[in-house]
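Trainee: Have a look at this one before I ask anything.
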Protein chains: 2
Amino acid sequence: MKEYEYYYSYFENRLKKEKFIHQPSQLYEPIAYTLQLGGKRIRPVLTLMACELFGGNIEDALPQAMAIELFHNFTLIHDDIMDNAPLRRGKASVFKKWNRNIAILSGDTLFAQAYQFVQMADQSILPDVLAIFNQTALEVCEGQQYDLIYENDNDVSVADYTEMIRLKTAVLFGASLKIGALLGGAMRKDAKNLFDFGVNIGIGFQLKDDLLDTFGDENVFGKKTGNDILSNKKTFLFLKAIEKASPAEKKQLINSYTSKDLTENQKIENVKTIFNKLNIYQLTNDEINNFYKWGMKSLKKVNIGDEDKEKLLLVAHKMIDRIK
Amino acid sequence: MKEYEYYYSYFENRLKKEKFIHQPSQLYEPIAYTLQLGGKRIRPVLTLMACELFGGNIEDALPQAMAIELFHNFTLIHDDIMDNAPLRRGKASVFKKWNRNIAILSGDTLFAQAYQFVQMADQSILPDVLAIFNQTALEVCEGQQYDLIYENDNDVSVADYTEMIRLKTAVLFGASLKIGALLGGAMRKDAKNLFDFGVNIGIGFQLKDDLLDTFGDENVFGKKTGNDILSNKKTFLFLKAIEKASPAEKKQLINSYTSKDLTENQKIENVKTIFNKLNIYQLTNDEINNFYKWGMKSLKKVNIGDEDKEKLLLVAHKMIDRIK
């Protein structure tokens, strides 16, 4: 197995060579736009890596790596409508740049295009790959639904929240590794352990994303911070704060979170002040480290060499620490 | 092959036995709601019929019949958002009954559930079925996009329009037959001819739908009439009227179609008056008959008995004449 950058460049070059614009261009331009917004391509890299890890050829894993990246981008297009998010990777989101209807329909189209790449799997492995892909797609939708529900639910626990991000974000990392591993000829047990590694790291990744949404540098993070606070998201930060807060602080936090009288900046600042008082930044980082450790436990069980495990660990760090 | 009603009842009973509600219920209830709104289940019936037609067992075609019906219902949920349609089969559409975000996400989920049924195909035929399914899904999205574009495009020809409805509506009828035929063991040539039959009948079906949207009885049609006129749809009726109209009538028609000063009822009545003057009802029926005849031509080439062809013709009549 090679370094992250090797797989990243390989994937990026192949993605650039794919023709995504067909007729009607109004439908396909938002797809090409979304796919060229960039990103670290972590999911397809994981698929390619996992395939090679078990002796497979990355060329054979490329269609499935494409399928996963396309699926991920489909969810971004639809999530941005639902979350009313104007920016994606620092640029206008599809529904802002075009309109809501085009974002719905381009998303649907991208979802179908993802399945066109799934379809390229060898017949012997296609049923397995399709089953994982379908299951993951459903779980991602379920996770997004919980995310929307929790916005207006005042009785969300940290466990509820963790299950939500497992579904919405983490299973796709797990599936990326599992599909790659199966394409490479891995035993089911190894594929399953790699899946678990991916899910735990994926949860850590999302917790880090939440941390950056509130405490990140907008120029590095690539999107406006404070968005979770403004949309009343019950993130780990908020739920941990509710857990730690005194009755007075709790009341103050909920008031700030649900206030309609504060300006956007006031709301963000009030909430951050309480978070800081309760040491939420550190507590969130501690939880991220827990998931990192649980991921390591699963990785240890996988029947591959230590050097390869080290390289997967580097990817995990890349995901969680957001090293450029 | 048996009569339509046999396959309809078989499908309806099996659909009722499927469990569509999982957690979170907010995501799955709109799916169960949509699927029990009823309808004639023409597409899955075509799949089951086509399978038996070539000696297959309908039980083996059931998952694909489900996949097609689920896919169709997914498109209805998303189309109703895009078309801002408050009613579906005489009941509130999903986005009206719940909200837009739930309609987007339930639709996505239903799309993924459709693929879970696709996945049940025998491994030997799965690549073919998945390829047809993917291709059809993309074409349906393209058709919907043209439909949205044409709302605000004053340069749409009858040929443009026909191609739009071929993509948006007709190919799914063709695919329903083709997938069923292949599952039943049909030769590729027969499956292709059945596909062409389905596409032509499907275009006729959509022309009839347009006719009923303007001239239908709301109680029989199950949705408010005049919706196409209110949303400025360049239907066959409108395009044929533009073709036939004198310069004065054309101006009058375009003014009525694009007016923002008229009440909804005035707009509908003005447009219908011009349609009646230009004999549009009859001209549309003539075009429907043309597509019916082209469909018959394809059906004749299929290597099945005359009695079976008669039964398929009955379905074609059911689709086009909207016999209850």
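In the structure tokens, chains take the letters A, B, ... in the order shown, each chain's residues start at 1, and ligands count up from 1 in the order shown.
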Could you give me, as a tab-separated table, a per-residue list for chain A showing, wherever an atom lies at most 6 Å from an atom of chain B, the closest pair of atoms and their distance in Å to one decimal, using only C-alpha atoms and sorting by chain then residue number from low to high?
Mentor:
residue	atom	partner	partner_atom	distance
A:Met82	CA	B:Asn101	CA	5.4
A:Asn101	CA	B:Met82	CA	5.4
A:Thr109	CA	B:Leu138	CA	5.9
A:Ala112	CA	B:Asn134	CA	5.9
A:Asn134	CA	B:Ala112	CA	5.9
A:Leu138	CA	B:Thr109	CA	5.8
Trainee: May I have the selected residues written with N, CA and C atoms, as a PDB file, in the first residue's frame?
Mentor:
ATOM      1  N   MET A  82     -31.736  21.137   2.402  1.00  0.00           N
ATOM      2  CA  MET A  82     -32.457  20.911   3.658  1.00  0.00           C
ATOM      3  C   MET A  82     -31.920  21.775   4.791  1.00  0.00           C
ATOM      4  N   ASN A 101     -35.142  23.481  -7.224  1.00  0.00           N
ATOM      5  CA  ASN A 101     -35.576  22.383  -8.092  1.00  0.00           C
ATOM      6  C   ASN A 101     -34.406  21.722  -8.804  1.00  0.00           C
ATOM      7  N   THR A 109     -30.095  12.752 -10.027  1.00  0.00           N
ATOM      8  CA  THR A 109     -29.339  12.272 -11.189  1.00  0.00           C
ATOM      9  C   THR A 109     -27.980  11.741 -10.761  1.00  0.00           C
ATOM     10  N   ALA A 112     -28.265   8.352  -9.274  1.00  0.00           N
ATOM     11  CA  ALA A 112     -28.377   7.316 -10.318  1.00  0.00           C
ATOM     12  C   ALA A 112     -27.030   7.084 -11.007  1.00  0.00           C
ATOM     13  N   ASN A 134     -26.539  -0.098  -1.012  1.00  0.00           N
ATOM     14  CA  ASN A 134     -27.948   0.206  -0.704  1.00  0.00           C
ATOM     15  C   ASN A 134     -28.164   0.436   0.790  1.00  0.00           C
ATOM     16  N   LEU A 138     -29.406   3.960   2.625  1.00  0.00           N
ATOM     17  CA  LEU A 138     -30.559   4.079   3.521  1.00  0.00           C
ATOM     18  C   LEU A 138     -30.138   4.646   4.868  1.00  0.00           C
TER      19      LEU A 138
END
Trainee: Apply DSSP to the structure's backbone, then extract all residues of range 35-182 of chain A labelled alpha helix (DSSP H) and return them as a VMD selection string.
Mentor: chain A and resid 35 42 to 53 58 to 82 94 to 97 100 to 118 126 to 151 158 to 165 171 to 182
Trainee: For each of A:Leu207, A:Leu37, A:Leu262, A:Leu183, take the minimum atom-to-atom distance to Ala170 in chain A, counting only C-alpha atoms, then give the residue where this is smallest.
Mentor: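 Checking each candidate against Ala170 in chain A, we get A:Leu207 as the closest.
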Trainee: Do you have the CA of Val156 in chain B-CA of Ile274 in chain B distance handy?
Mentor: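 Atom-to-atom, CA of Val156 in chain B to CA of Ile274 in chain B, that is 19.0 Å.
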Trainee: Considering only strand (DSSP E or B) as DSSP defines it on the backbone, what residues of range 50-270 of chain A qualify? List them as a PyMOL selection string.
Mentor: chain A and resi 87-88+91-92
Trainee: Create the file for the chosen residues now, containing C-alpha atoms and written as an mmCIF file, in the first residue's frame.
Mentor:
data_model
loop_
_atom_site.group_PDB
_atom_site.id
_atom_site.type_symbol
_atom_site.label_atom_id
_atom_site.label_comp_id
_atom_site.auth_asym_id
_atom_site.auth_seq_id
_atom_site.Cartn_x
_atom_site.Cartn_y
_atom_site.Cartn_z
ATOM 1 C CA LEU A 87 -21.812 27.630 1.059
ATOM 2 C CA ARG A 88 -20.110 24.361 0.216
ATOM 3 C CA LYS A 91 -18.319 28.335 -2.840
ATOM 4 C CA ALA A 92 -22.046 28.757 -3.441
#
Trainee: Write out as a list in words which residues come within 7 Å of range 282-290 of chain B when counting only C-alpha atoms, dropping same-chain ones fewer than 3 positions away.
Mentor: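 The residues that qualify are Gly204, Leu207, Leu237, Asn279, Lys293 and Trp294 of chain B.
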Trainee: Counting only C-alpha atoms, what is within 8 Å of Asp196 in chain A, bar same-chain residues fewer than 5 positions away, as a VMD selection string?
Mentor: chain A and resid 174 295 298
Trainee: Can you tell me, as a tab-separated table (two decimals) with N, CA and C atoms, in the first residue's frame, what residues are no more than 10 Å from range 215-219 of chain B when counting only C-alpha atoms, ignoring any on the same chain fewer than 6 positions away?
Mentor:
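Output file out11.tsv is given in full below:
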chain	number	residue	atom	x	y	z
B	90	GLY	N	-55.71	12.72	-5.62
B	90	GLY	CA	-56.81	13.30	-4.86
B	90	GLY	C	-56.52	13.54	-3.38
B	208	LYS	N	-52.54	11.44	-23.16
B	208	LYS	CA	-53.87	11.34	-22.57
B	208	LYS	C	-53.92	12.04	-21.21
B	209	ASP	N	-52.84	11.90	-20.46
B	209	ASP	CA	-52.76	12.55	-19.16
B	209	ASP	C	-52.86	14.07	-19.32
B	225	THR	N	-57.93	19.93	-12.29
B	225	THR	CA	-57.60	20.16	-13.71
B	225	THR	C	-57.10	21.59	-13.88
B	226	GLY	N	-56.46	21.81	-15.02
B	226	GLY	CA	-55.98	23.16	-15.32
B	226	GLY	C	-54.60	23.46	-14.76
B	272	LYS	N	-58.75	27.44	-22.52
B	272	LYS	CA	-59.62	26.37	-23.03
B	272	LYS	C	-60.50	26.85	-24.18
B	281	TYR	N	-58.73	19.27	-28.78
B	281	TYR	CA	-59.12	18.00	-28.17
B	281	TYR	C	-58.99	16.86	-29.19
Trainee: Kindly give the distance, in Å, that separates CA of Lys2 in chain A and CA of Leu62 in chain A, rounded to a single decimal.
Mentor: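 Value for the CA of Lys2 in chain A-CA of Leu62 in chain A distance: 15.6 Å.
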Trainee: Can you pull out every residue within 12 Å of Asp153 in chain B, counting only C-alpha atoms, but drop anything in the same chain fewer than 3 positions away, and send it as a PyMOL selection string?
Mentor: chain B and resi 146-150+156-157+160-161+232-234+239+254+258
Trainee: Using N, CA and C atoms, can you export the residues from the last selection as a PDB file, in the first residue's frame?
Mentor:
ATOM      1  N   TYR B 146     -36.135  18.642 -18.614  1.00  0.00           N
ATOM      2  CA  TYR B 146     -36.688  19.298 -19.809  1.00  0.00           C
ATOM      3  C   TYR B 146     -38.070  19.867 -19.498  1.00  0.00           C
ATOM      4  N   ASP B 147     -38.857  19.118 -18.751  1.00  0.00           N
ATOM      5  CA  ASP B 147     -40.199  19.569 -18.390  1.00  0.00           C
ATOM      6  C   ASP B 147     -40.119  20.907 -17.646  1.00  0.00           C
ATOM      7  N   LEU B 148     -39.189  21.007 -16.696  1.00  0.00           N
ATOM      8  CA  LEU B 148     -39.031  22.256 -15.945  1.00  0.00           C
ATOM      9  C   LEU B 148     -38.530  23.385 -16.850  1.00  0.00           C
ATOM     10  N   ILE B 149     -37.579  23.046 -17.729  1.00  0.00           N
ATOM     11  CA  ILE B 149     -37.024  24.062 -18.636  1.00  0.00           C
ATOM     12  C   ILE B 149     -38.121  24.625 -19.541  1.00  0.00           C
ATOM     13  N   TYR B 150     -38.956  23.730 -20.063  1.00  0.00           N
ATOM     14  CA  TYR B 150     -39.943  24.145 -21.059  1.00  0.00           C
ATOM     15  C   TYR B 150     -41.010  25.066 -20.482  1.00  0.00           C
ATOM     16  N   VAL B 156     -40.362  25.979 -27.826  1.00  0.00           N
ATOM     17  CA  VAL B 156     -40.424  24.518 -27.720  1.00  0.00           C
ATOM     18  C   VAL B 156     -41.254  23.962 -28.880  1.00  0.00           C
ATOM     19  N   SER B 157     -40.708  22.964 -29.551  1.00  0.00           N
ATOM     20  CA  SER B 157     -41.444  22.346 -30.662  1.00  0.00           C
ATOM     21  C   SER B 157     -42.198  21.114 -30.167  1.00  0.00           C
ATOM     22  N   ASP B 160     -39.640  18.481 -29.554  1.00  0.00           N
ATOM     23  CA  ASP B 160     -38.992  18.646 -28.239  1.00  0.00           C
ATOM     24  C   ASP B 160     -39.876  18.040 -27.157  1.00  0.00           C
ATOM     25  N   TYR B 161     -41.138  18.397 -27.252  1.00  0.00           N
ATOM     26  CA  TYR B 161     -42.089  17.962 -26.231  1.00  0.00           C
ATOM     27  C   TYR B 161     -42.212  16.438 -26.188  1.00  0.00           C
ATOM     28  N   ASN B 232     -47.911  27.070 -16.793  1.00  0.00           N
ATOM     29  CA  ASN B 232     -47.353  27.423 -18.118  1.00  0.00           C
ATOM     30  C   ASN B 232     -46.692  26.254 -18.829  1.00  0.00           C
ATOM     31  N   LYS B 233     -47.193  25.055 -18.617  1.00  0.00           N
ATOM     32  CA  LYS B 233     -46.551  23.901 -19.261  1.00  0.00           C
ATOM     33  C   LYS B 233     -46.807  23.917 -20.760  1.00  0.00           C
ATOM     34  N   LYS B 234     -45.733  23.690 -21.485  1.00  0.00           N
ATOM     35  CA  LYS B 234     -45.864  23.596 -22.937  1.00  0.00           C
ATOM     36  C   LYS B 234     -46.251  22.162 -23.272  1.00  0.00           C
ATOM     37  N   LEU B 239     -48.772  23.384 -27.591  1.00  0.00           N
ATOM     38  CA  LEU B 239     -47.877  23.478 -28.745  1.00  0.00           C
ATOM     39  C   LEU B 239     -48.634  23.284 -30.056  1.00  0.00           C
ATOM     40  N   ILE B 254     -50.819  33.202 -26.059  1.00  0.00           N
ATOM     41  CA  ILE B 254     -49.600  33.464 -25.276  1.00  0.00           C
ATOM     42  C   ILE B 254     -49.887  34.471 -24.165  1.00  0.00           C
ATOM     43  N   THR B 258     -49.346  33.569 -20.230  1.00  0.00           N
ATOM     44  CA  THR B 258     -48.301  34.215 -19.433  1.00  0.00           C
ATOM     45  C   THR B 258     -48.834  35.345 -18.556  1.00  0.00           C
TER      46      THR B 258
END
Trainee: Could you check the closest approach to Lys300 in chain A for each of A:Phe197, A:Ile320, A:Arg166, A:Met49 and tell me which residue wins, using only C-alpha atoms?
Mentor: A:Phe197
Trainee: Tell me which of B:Gly56, B:Pro247, B:Pro63, B:Gly198 sits closest to Val315 in chain B, counting only C-alpha atoms.
Mentor: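 Among B:Gly56, B:Pro247, B:Pro63, B:Gly198, it is B:Gly198 that comes nearest to Val315 in chain B.
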Trainee: Please report the interatomic distance between CA of Tyr8 in chain A and CA of Asn303 in chain A in Å with one decimal.
Mentor: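 Value for the CA of Tyr8 in chain A-CA of Asn303 in chain A distance: 24.3 Å.
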